[in-house]
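K.L.:
Below is the file model-v2.cif, which contains mmCIF, C-alpha atoms.
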```
data_run
loop_
_atom_site.label_atom_id
_atom_site.label_comp_id
_atom_site.auth_asym_id
_atom_site.auth_seq_id
_atom_site.Cartn_x
_atom_site.Cartn_y
_atom_site.Cartn_z
CA MET A 1 0.00 0.00 0.00
CA LEU A 2 1.50 3.33 -1.09
CA ASN A 3 1.60 6.08 1.54
CA THR A 4 2.08 9.83 1.05
CA VAL A 5 4.51 11.42 3.51
CA TYR A 6 4.94 15.19 3.90
CA ARG A 7 8.59 15.63 4.88
CA LEU A 8 10.49 18.74 5.85
CA THR A 9 13.57 18.55 3.62
CA GLN A 10 15.09 21.85 4.71
CA PRO A 11 13.85 24.79 6.80
CA ARG A 12 10.54 26.09 5.43
CA LYS A 13 10.47 23.52 2.64
CA ILE A 14 8.06 20.56 2.73
CA GLU A 15 8.06 17.98 -0.05
CA ILE A 16 5.92 14.96 -0.79
CA GLU A 17 7.64 11.60 -0.63
CA PHE A 18 6.23 8.10 -0.79
CA SER A 19 6.64 5.02 1.41
CA GLU A 20 5.20 1.52 1.54
CA ILE A 21 2.80 0.32 4.22
CA ASP A 22 2.70 -3.43 4.80
CA ILE A 23 -0.99 -4.30 5.12
CA PHE A 24 -0.08 -7.86 6.14
CA SER A 25 1.86 -6.80 9.27
CA SER A 26 0.41 -6.96 12.79
CA ASP A 27 0.46 -3.15 13.12
CA VAL A 28 -2.58 -0.88 13.11
CA ILE A 29 -3.09 1.48 10.17
CA VAL A 30 -4.32 4.90 11.29
CA ARG A 31 -5.35 7.93 9.28
CA PRO A 32 -4.20 11.12 11.06
CA ARG A 33 -7.04 13.62 11.50
CA TYR A 34 -6.08 16.39 13.93
CA LEU A 35 -2.44 17.46 14.23
CA SER A 36 -1.16 20.00 16.76
CA ILE A 37 1.93 22.11 16.10
CA CYS A 38 4.51 22.08 18.92
CA HIS A 39 7.44 24.44 19.60
CA ALA A 40 9.79 21.61 18.64
CA ASP A 41 8.10 21.34 15.24
CA GLN A 42 8.54 25.07 14.77
CA ARG A 43 12.22 24.93 15.62
CA TYR A 44 12.76 22.42 12.83
CA PHE A 45 10.45 24.25 10.41
CA GLN A 46 12.09 27.64 11.00
CA GLY A 47 15.61 26.18 11.06
CA ASN A 48 16.21 27.23 14.67
CA ARG A 49 18.31 24.18 15.45
CA ASP A 50 22.03 23.63 15.09
CA ALA A 51 23.00 22.99 11.46
CA LYS A 52 24.49 19.61 12.40
CA VAL A 53 21.23 18.56 14.07
CA LEU A 54 19.21 19.58 11.03
CA ALA A 55 21.55 17.67 8.75
CA GLN A 56 21.13 14.54 10.88
CA LYS A 57 17.34 14.75 11.30
CA LEU A 58 16.10 15.93 7.89
CA PRO A 59 14.30 14.96 5.74
CA MET A 60 11.60 14.10 8.28
CA ALA A 61 7.82 14.35 8.64
CA LEU A 62 6.93 16.71 11.48
CA ILE A 63 4.22 16.57 14.21
CA HIS A 64 4.23 14.39 17.33
CA GLU A 65 0.90 15.60 18.78
CA ALA A 66 -2.01 14.06 16.91
CA THR A 67 -5.16 11.97 16.88
CA GLY A 68 -6.34 9.68 14.14
CA GLU A 69 -8.98 7.29 12.92
CA VAL A 70 -8.34 3.55 12.78
CA VAL A 71 -8.48 2.17 9.24
CA HIS A 72 -7.33 -1.42 9.80
CA ASP A 73 -6.33 -3.40 12.90
CA PRO A 74 -5.38 -7.05 12.41
CA SER A 75 -5.00 -7.49 16.20
CA GLY A 76 -8.69 -6.75 16.82
CA THR A 77 -7.85 -4.22 19.55
CA PHE A 78 -9.64 -1.42 17.71
CA LYS A 79 -12.51 -1.20 15.25
CA PRO A 80 -12.35 0.71 11.96
CA GLY A 81 -13.46 4.26 12.65
CA ASP A 82 -12.30 4.30 16.28
CA LYS A 83 -10.84 7.66 17.30
CA VAL A 84 -7.42 7.26 18.92
CA VAL A 85 -4.62 9.39 20.25
CA MET A 86 -1.24 8.36 18.84
CA ILE A 87 1.78 7.95 21.13
CA PRO A 88 4.97 9.31 19.54
CA ASN A 89 7.38 7.56 21.90
CA THR A 90 8.35 4.20 20.42
CA PRO A 91 10.40 1.92 22.70
CA THR A 92 12.51 -0.85 21.25
CA GLU A 93 13.15 -2.68 24.55
CA ASN A 94 11.73 -3.16 28.06
CA ASP A 95 13.47 -2.19 31.28
CA ASP A 96 12.30 -2.97 34.82
CA ILE A 97 13.75 0.26 36.17
CA ILE A 98 13.91 2.88 33.41
CA ALA A 99 10.64 4.16 31.92
CA GLU A 100 10.15 3.88 28.17
CA ASN A 101 10.47 7.65 27.63
CA TYR A 102 13.94 7.70 29.24
CA LEU A 103 15.45 4.69 27.50
CA ARG A 104 18.16 5.96 25.20
CA SER A 105 17.17 3.30 22.68
CA SER A 106 13.59 4.59 22.32
CA LYS A 107 12.61 6.46 19.19
CA PHE A 108 10.44 9.55 19.15
CA ARG A 109 8.37 10.65 16.19
CA ALA A 110 9.29 13.98 14.57
CA SER A 111 12.66 13.77 16.31
CA GLY A 112 14.78 11.35 14.36
CA PHE A 113 12.10 9.51 12.46
CA ASP A 114 8.87 10.43 10.71
CA GLY A 115 6.10 12.09 12.68
CA PHE A 116 2.40 12.09 11.94
CA MET A 117 2.29 14.39 8.91
CA GLN A 118 1.41 11.48 6.64
CA GLU A 119 -1.64 10.20 4.81
CA TYR A 120 -1.50 7.01 6.88
CA VAL A 121 0.58 5.90 9.84
CA GLN A 122 1.42 2.29 10.70
CA MET A 123 2.09 1.61 14.37
CA PRO A 124 1.71 -1.10 17.06
CA ALA A 125 -1.62 -1.26 18.90
CA ASP A 126 0.06 -0.39 22.21
CA ARG A 127 1.03 3.01 20.75
CA LEU A 128 -2.64 3.97 20.51
CA VAL A 129 -5.18 4.93 23.18
CA LEU A 130 -8.92 4.97 22.51
CA LEU A 131 -10.53 8.39 23.01
CA PRO A 132 -13.84 8.92 24.85
CA GLU A 133 -16.90 9.61 22.72
CA GLY A 134 -17.64 13.28 22.14
CA ILE A 135 -14.28 14.71 23.24
CA ASP A 136 -13.28 17.91 21.46
CA PRO A 137 -10.92 16.63 18.73
CA ALA A 138 -8.89 19.86 18.73
CA VAL A 139 -8.11 19.36 22.42
CA ALA A 140 -7.42 15.64 22.02
CA ALA A 141 -4.86 16.55 19.34
CA PHE A 142 -2.42 17.94 21.91
CA THR A 143 -2.84 15.12 24.44
CA GLU A 144 0.90 14.47 24.13
CA ILE A 145 1.94 17.71 25.83
CA VAL A 146 -0.81 17.21 28.43
CA SER A 147 0.54 13.73 29.15
CA VAL A 148 3.99 15.26 29.77
CA SER A 149 2.52 17.33 32.61
CA VAL A 150 0.61 14.33 33.96
CA HIS A 151 3.85 12.32 33.85
CA ALA A 152 5.74 15.00 35.79
CA ILE A 153 2.97 15.28 38.41
CA SER A 154 2.89 11.49 38.83
CA ARG A 155 6.66 11.42 39.36
CA PHE A 156 6.36 14.31 41.82
CA ASP A 157 3.84 12.28 43.82
CA LYS A 158 6.42 9.50 44.24
CA ILE A 159 9.36 11.77 45.06
CA ALA A 160 8.08 14.72 47.11
CA HIS A 161 7.36 14.66 50.84
CA SER A 162 3.74 14.75 52.02
CA ARG A 163 3.50 18.42 53.06
CA ARG A 164 1.91 19.90 49.96
CA ASP A 165 0.02 22.90 51.30
CA VAL A 166 1.35 25.36 48.70
CA ILE A 167 2.69 24.47 45.25
CA GLY A 168 4.44 27.10 43.13
CA ILE A 169 4.40 26.88 39.35
CA TRP A 170 6.73 29.18 37.43
CA GLY A 171 5.68 30.17 33.91
CA ASP A 172 2.61 31.69 32.29
CA GLY A 173 2.57 29.72 29.04
CA ILE A 174 0.84 26.59 27.83
CA LEU A 175 2.92 24.11 29.84
CA SER A 176 2.34 26.02 33.07
CA TYR A 177 -1.39 26.28 32.34
CA ILE A 178 -1.70 22.53 31.76
CA THR A 179 0.43 21.61 34.79
CA SER A 180 -1.52 23.96 37.08
CA LEU A 181 -4.86 22.68 35.82
CA PHE A 182 -4.04 19.00 36.24
CA PHE A 183 -2.26 19.42 39.58
CA LYS A 184 -5.37 21.15 40.93
CA LYS A 185 -7.53 18.22 39.80
CA MET A 186 -5.15 15.53 41.06
CA PHE A 187 -4.42 17.28 44.39
CA PRO A 188 -7.43 19.51 45.13
CA GLU A 189 -6.35 20.12 48.74
CA SER A 190 -3.19 21.97 47.69
CA LYS A 191 -3.05 25.68 47.01
CA ILE A 192 -1.58 26.56 43.60
CA TYR A 193 0.42 29.75 43.10
CA VAL A 194 1.45 30.66 39.54
CA PHE A 195 4.35 33.03 38.82
CA GLY A 196 4.75 34.76 35.47
CA ILE A 197 5.71 37.93 33.64
CA VAL A 198 2.66 38.78 31.50
CA PRO A 199 -0.45 39.98 33.42
CA LYS A 200 -2.76 39.16 30.51
CA LYS A 201 -1.59 35.54 30.50
CA LEU A 202 -1.81 35.22 34.27
CA ALA A 203 -5.41 36.39 34.08
CA ASP A 204 -6.27 33.12 32.29
CA PHE A 205 -5.32 31.08 35.37
CA THR A 206 -8.73 31.56 36.97
CA PHE A 207 -8.71 28.11 38.59
CA VAL A 208 -5.59 28.61 40.75
CA ASP A 209 -5.42 30.20 44.21
CA GLU A 210 -3.03 33.08 43.50
CA THR A 211 -0.98 34.52 40.65
CA PHE A 212 2.11 36.72 41.00
CA LEU A 213 4.32 38.71 38.69
CA THR A 214 7.88 37.47 39.19
CA THR A 215 8.94 41.07 39.86
CA GLN A 216 6.39 41.48 42.65
CA ILE A 217 6.66 38.37 44.82
CA PRO A 218 6.06 39.13 48.53
CA GLU A 219 9.26 38.66 50.53
CA ASP A 220 7.55 36.47 53.13
CA LEU A 221 5.92 34.11 50.59
CA LYS A 222 6.84 30.44 51.01
CA ILE A 223 6.04 27.35 48.98
CA ASP A 224 6.47 23.65 49.78
CA HIS A 225 7.28 22.40 46.27
CA ALA A 226 7.58 23.85 42.79
CA PHE A 227 7.39 23.17 39.06
CA GLU A 228 9.55 25.09 36.60
CA CYS A 229 7.70 25.46 33.27
CA VAL A 230 9.68 28.34 31.78
CA GLY A 231 12.58 26.95 29.77
CA GLY A 232 14.95 28.84 27.49
CA ASN A 233 17.15 31.66 28.71
CA ALA A 234 14.75 32.47 31.56
CA SER A 235 15.26 29.06 33.21
CA GLN A 236 18.09 30.40 35.35
CA ILE A 237 15.97 33.20 36.80
CA ALA A 238 12.99 30.92 37.42
CA ILE A 239 14.94 28.11 39.10
CA ASN A 240 16.86 30.49 41.33
CA GLN A 241 13.65 32.26 42.36
CA ILE A 242 12.19 28.89 43.26
CA ILE A 243 15.26 28.10 45.36
CA ASP A 244 14.81 31.43 47.18
CA TYR A 245 11.12 30.90 48.04
CA ILE A 246 10.87 27.15 48.58
CA ASN A 247 10.82 25.67 52.08
CA PRO A 248 13.63 23.36 53.21
CA GLU A 249 13.49 19.81 51.85
CA GLY A 250 11.13 20.87 49.10
CA THR A 251 11.10 19.28 45.66
CA ILE A 252 11.64 21.13 42.38
CA SER A 253 10.34 19.58 39.16
CA ILE A 254 12.05 20.94 36.05
CA LEU A 255 10.00 20.82 32.86
CA GLY A 256 11.29 23.75 30.80
CA VAL A 257 13.75 22.95 28.02
CA SER A 258 16.86 25.06 27.62
CA GLU A 259 19.36 24.78 24.78
CA TYR A 260 22.23 25.89 27.04
CA PRO A 261 23.56 24.98 30.51
CA VAL A 262 21.71 26.77 33.33
CA PRO A 263 23.67 27.99 36.38
CA ILE A 264 21.79 27.65 39.67
CA ASN A 265 22.44 28.51 43.31
CA THR A 266 23.77 25.15 44.49
CA ARG A 267 24.79 26.60 47.87
CA MET A 268 21.13 27.09 48.81
CA VAL A 269 20.18 23.75 47.27
CA LEU A 270 22.59 22.19 49.76
CA GLU A 271 21.60 24.37 52.72
CA LYS A 272 17.90 23.67 52.21
CA GLY A 273 18.35 20.01 51.35
CA LEU A 274 16.33 20.37 48.15
CA ARG A 275 15.45 17.66 45.65
CA ILE A 276 15.56 18.57 41.97
CA PHE A 277 14.36 16.23 39.25
CA GLY A 278 13.68 16.55 35.55
CA SER A 279 10.88 15.11 33.44
CA SER A 280 10.74 14.71 29.69
CA ARG A 281 8.20 13.25 27.30
CA SER A 282 5.81 10.52 28.43
CA GLY A 283 4.81 6.90 27.92
CA ARG A 284 1.74 4.78 27.39
CA ASP A 285 0.70 4.81 31.06
CA ASP A 286 0.76 8.62 31.08
CA PHE A 287 -1.42 8.78 27.97
CA ARG A 288 -3.93 6.35 29.47
CA LYS A 289 -4.03 8.31 32.72
CA THR A 290 -4.52 11.58 30.82
CA VAL A 291 -7.44 10.20 28.78
CA GLU A 292 -8.95 8.80 32.00
CA LEU A 293 -8.77 12.28 33.55
CA TYR A 294 -10.50 13.71 30.47
CA TYR A 295 -13.32 11.24 31.08
CA ARG A 296 -13.57 11.84 34.83
CA HIS A 297 -13.31 15.64 34.64
CA PRO A 298 -15.07 17.00 31.52
CA ASP A 299 -14.39 20.56 32.68
CA ILE A 300 -10.68 19.89 32.08
CA VAL A 301 -11.38 19.47 28.39
CA GLU A 302 -13.45 22.66 28.39
CA ARG A 303 -10.61 24.65 29.96
CA LEU A 304 -8.05 23.13 27.61
CA GLY A 305 -10.30 24.16 24.73
CA ARG A 306 -9.55 27.80 25.56
CA MET A 307 -5.95 27.13 24.57
CA VAL A 308 -6.85 26.38 20.95
CA GLY A 309 -5.79 29.37 18.89
CA GLN A 310 -6.89 28.07 15.49
CA VAL A 311 -8.21 24.91 13.87
CA LYS A 312 -7.07 25.11 10.26
CA PRO A 313 -8.32 22.73 7.57
CA VAL A 314 -5.29 21.35 5.71
CA ARG A 315 -5.36 19.72 2.28
CA ASN A 316 -1.97 20.47 0.76
CA ILE A 317 1.53 21.83 1.39
CA LYS A 318 0.38 25.44 1.00
CA ASP A 319 -2.16 24.96 3.81
CA ILE A 320 0.50 23.36 6.03
CA MET A 321 2.85 26.31 5.47
CA GLU A 322 0.07 28.77 6.34
CA ALA A 323 -0.66 26.87 9.58
CA PHE A 324 2.99 27.05 10.65
CA ASP A 325 3.16 30.76 9.79
CA PHE A 326 0.02 31.48 11.82
CA ASP A 327 1.37 29.48 14.76
CA ILE A 328 4.69 31.35 14.94
CA GLN A 329 2.75 34.62 15.29
CA ASN A 330 0.37 33.28 17.94
CA PRO A 331 1.78 34.13 21.40
CA PHE A 332 -0.54 31.85 23.37
CA GLY A 333 -2.60 28.93 22.16
CA LYS A 334 -2.25 25.78 20.13
CA THR A 335 -2.56 25.70 16.35
CA VAL A 336 -4.34 22.52 15.27
CA MET A 337 -4.44 21.30 11.68
CA LYS A 338 -7.53 19.38 10.62
CA TRP A 339 -6.20 16.96 8.03
CA GLU A 340 -8.71 16.77 5.18
CA LYS A 341 -6.48 15.08 2.63
#
```
Turn the structure described in the file into structure tokens.

P.N.:
Amino acid sequence: MLNTVYRLTQPRKIEIEFSEIDIFSSDVIVRPRYLSICHADQRYFQGNRDAKVLAQKLPMALIHEATGEVVHDPSGTFKPGDKVVMIPNTPTENDDIIAENYLRSSKFRASGFDGFMQEYVQMPADRLVLLPEGIDPAVAAFTEIVSVSVHAISRFDKIAHSRRDVIGIWGDGILSYITSLFFKKMFPESKIYVFGIVPKKLADFTFVDETFLTTQIPEDLKIDHAFECVGGNASQIAINQIIDYINPEGTISILGVSEYPVPINTRMVLEKGLRIFGSSRSGRDDFRKTVELYYRHPDIVERLGRMVGQVKPVRNIKDIMEAFDFDIQNPFGKTVMKWEK
């Protein structure tokens, strides 16, 4: 079976290439339907990665946040027409200690091998999770980034001590919004304080207990644990502010990605006996837990829906280019492509 693949061959240049799908394999064949553009996709598309990295990764189909419709499943796990969220992490081995998303041997779609910008995608049944009936497909499209927050919160629950009266979350972007929203649902007894730099963005966090501009934090404010959702060059400022305001023996979860080493105040890390851990990507269990939370808390999906900046019908390369151009100009919100090919 011939498959059409839309590969980025160089920055801002997408070309059609063809591949074969083996209809006699045990894998499920899925037709992508809703595809969400991530910052990582934009970095490849705009060429904002090291030239050596681009040379190693391209040509490659972008997009690792997507849902699809089952076309054929020889395993009988899914029925044709079932709506599924697709898991981009693809492990090649099992480990009793290390999670699938941290195994160095695992592959990740749109980061080394083709993502979901294809007419059809062939993947094992365990890389798919059935979606609840009636869920907003534009929200379901970015389940991957939501599952990253759920993964980090689940790890926090295993690592952090039990005093969780006040949780600080640094950042006023999408990742902070998702992490705050899900932490509040998973730990309703805790107070959530969000720290950011843009008042208009902070105003969207209506479900948390307090918001603060990072330039106006009360000197006597204290938090028990914290999540850093800033990333980039501002990581240093955010992490060091957390170290200043966190109580002794607190736990700091780092989620923001920075391209460069970040200096932090290790003296106070030692004096306060802090725990710092990082989280990246997610695995099947995190996707299943996320979809379960969608089902149990429909208001979560409603709030996530406010993050959708545009749902753009896409039929060809020109439409794809327009979606990426819109996304780069959109300061807050997810751009979702509705694949109508």

K.L.:
Please return, as number ranges by chain, all polymer residues that have at least one atom within 12 Å of the point (-10.6, 14.4, 19.9); use all atoms listed in the file and the file's own coordinate frame.

P.N.:
A: 32-36, 65-69, 82-86, 129-143, 291, 294-295, 301, 304-305, 336, 338

K.L.:
Nearest residue to Leu8 in chain A out of A:Asp95, A:Asp224, A:Glu100, A:Asp114, using only C-alpha atoms?

P.N.:
A:Asp114

K.L.:
With a distance cut-off of 12 Å and all atoms listed in the file, select the neighbouring residues of Ala40 in chain A, excluding the residue or stretch itself and same-chain residues fewer than 2 positions from it, and output the selection as a CSV table (one decimal) with C-alpha atoms, keeping the file's coordinate frame.

P.N.:
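Below is the file that was written, selection02.csv:
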```
chain,number,residue,atom,x,y,z
A,36,SER,CA,-1.2,20.0,16.8
A,37,ILE,CA,1.9,22.1,16.1
A,38,CYS,CA,4.5,22.1,18.9
A,42,GLN,CA,8.5,25.1,14.8
A,43,ARG,CA,12.2,24.9,15.6
A,44,TYR,CA,12.8,22.4,12.8
A,45,PHE,CA,10.4,24.2,10.4
A,46,GLN,CA,12.1,27.6,11.0
A,47,GLY,CA,15.6,26.2,11.1
A,48,ASN,CA,16.2,27.2,14.7
A,49,ARG,CA,18.3,24.2,15.4
A,62,LEU,CA,6.9,16.7,11.5
A,63,ILE,CA,4.2,16.6,14.2
A,64,HIS,CA,4.2,14.4,17.3
A,65,GLU,CA,0.9,15.6,18.8
A,109,ARG,CA,8.4,10.6,16.2
A,110,ALA,CA,9.3,14.0,14.6
A,111,SER,CA,12.7,13.8,16.3
A,115,GLY,CA,6.1,12.1,12.7
A,145,ILE,CA,1.9,17.7,25.8
A,257,VAL,CA,13.8,23.0,28.0
A,258,SER,CA,16.9,25.1,27.6
A,259,GLU,CA,19.4,24.8,24.8
A,324,PHE,CA,3.0,27.0,10.6
A,328,ILE,CA,4.7,31.4,14.9
```

K.L.:
At a cut-off of 9 Å, using all atoms listed in the file, what residues contact range 271-284 of chain A? Leave out same-chain residues fewer than 4 positions from it and give the result as a PyMOL selection string.

P.N.:
chain A and resi 87-90+99-102+126-129+144-145+147-152+155-156+159-160+243+246-257+266-267+288-289

K.L.:
Distance CA of Ser154 in chain A-CA of Asn240 in chain A, one decimal place?

P.N.:
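CA of Asn240 in chain A lies at a distance of 23.7 Å from CA of Ser154 in chain A.
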
K.L.:
Could you jot down the CA of Gln118 in chain A to CA of Gln10 in chain A separation for me, Å, one decimal place?

P.N.:
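CA of Gln10 in chain A lies at a distance of 17.3 Å from CA of Gln118 in chain A.
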
K.L.:
Using all atoms listed in the file for the distances, tell me which of A:Lys200, A:Lys312, A:Lys184, A:His72 is nearest to Asp27 in chain A.

P.N.:
A:His72

K.L.:
What's around Met1 in chain A at 9 Å? Count all atoms listed in the file, leave out sequence neighbours fewer than 6 positions away in its own chain, and write the answer as a PyMOL selection string.

P.N.:
chain A and resi 19-23

K.L.:
Pull C-alpha atoms from the residues just selected and write them as a short mmCIF file (atom, residue, chain, number, x, y, z; two decimals), keeping the file's coordinate frame.

P.N.:
```cif
data_model
loop_
_atom_site.label_atom_id
_atom_site.label_comp_id
_atom_site.auth_asym_id
_atom_site.auth_seq_id
_atom_site.Cartn_x
_atom_site.Cartn_y
_atom_site.Cartn_z
CA SER A 19 6.64 5.02 1.41
CA GLU A 20 5.20 1.52 1.54
CA ILE A 21 2.80 0.32 4.22
CA ASP A 22 2.70 -3.43 4.80
CA ILE A 23 -0.99 -4.30 5.12
#
```

K.L.:
For CA of Ala226 in chain A and CA of Gly168 in chain A, quote the distance in Å rounded to one decimal.

P.N.:
4.5 Å

K.L.:
Please provide as an NGL selection string all residues within 12 Å of Ala203 in chain A, with the sequence filter that same-chain residues fewer than 4 positions apart are discarded (counting only C-alpha atoms).

P.N.:
:A and (172-173 or 177 or 194-199 or 207-213)

K.L.:
Arg7 in chain A: which residues within 9 Å, counting only C-alpha atoms, same-chain residues fewer than 6 positions away excluded, as a list in words?

P.N.:
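Contacts, with the query itself left out: Lys13, Ile14, Glu15, Ile16, Glu17, Leu58, Pro59, Met60, Ala61, Leu62, Asp114, Gly115, Met117 and Gln118 of chain A.
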
K.L.:
Given only C-alpha atoms as the basis, pick out the residue of A:Thr92, A:Gln241, A:Gln122, A:Asn330 nearest to Val70 in chain A.

P.N.:
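Of A:Thr92, A:Gln241, A:Gln122, A:Asn330, the one nearest Val70 in chain A is A:Gln122, counting only C-alpha atoms.
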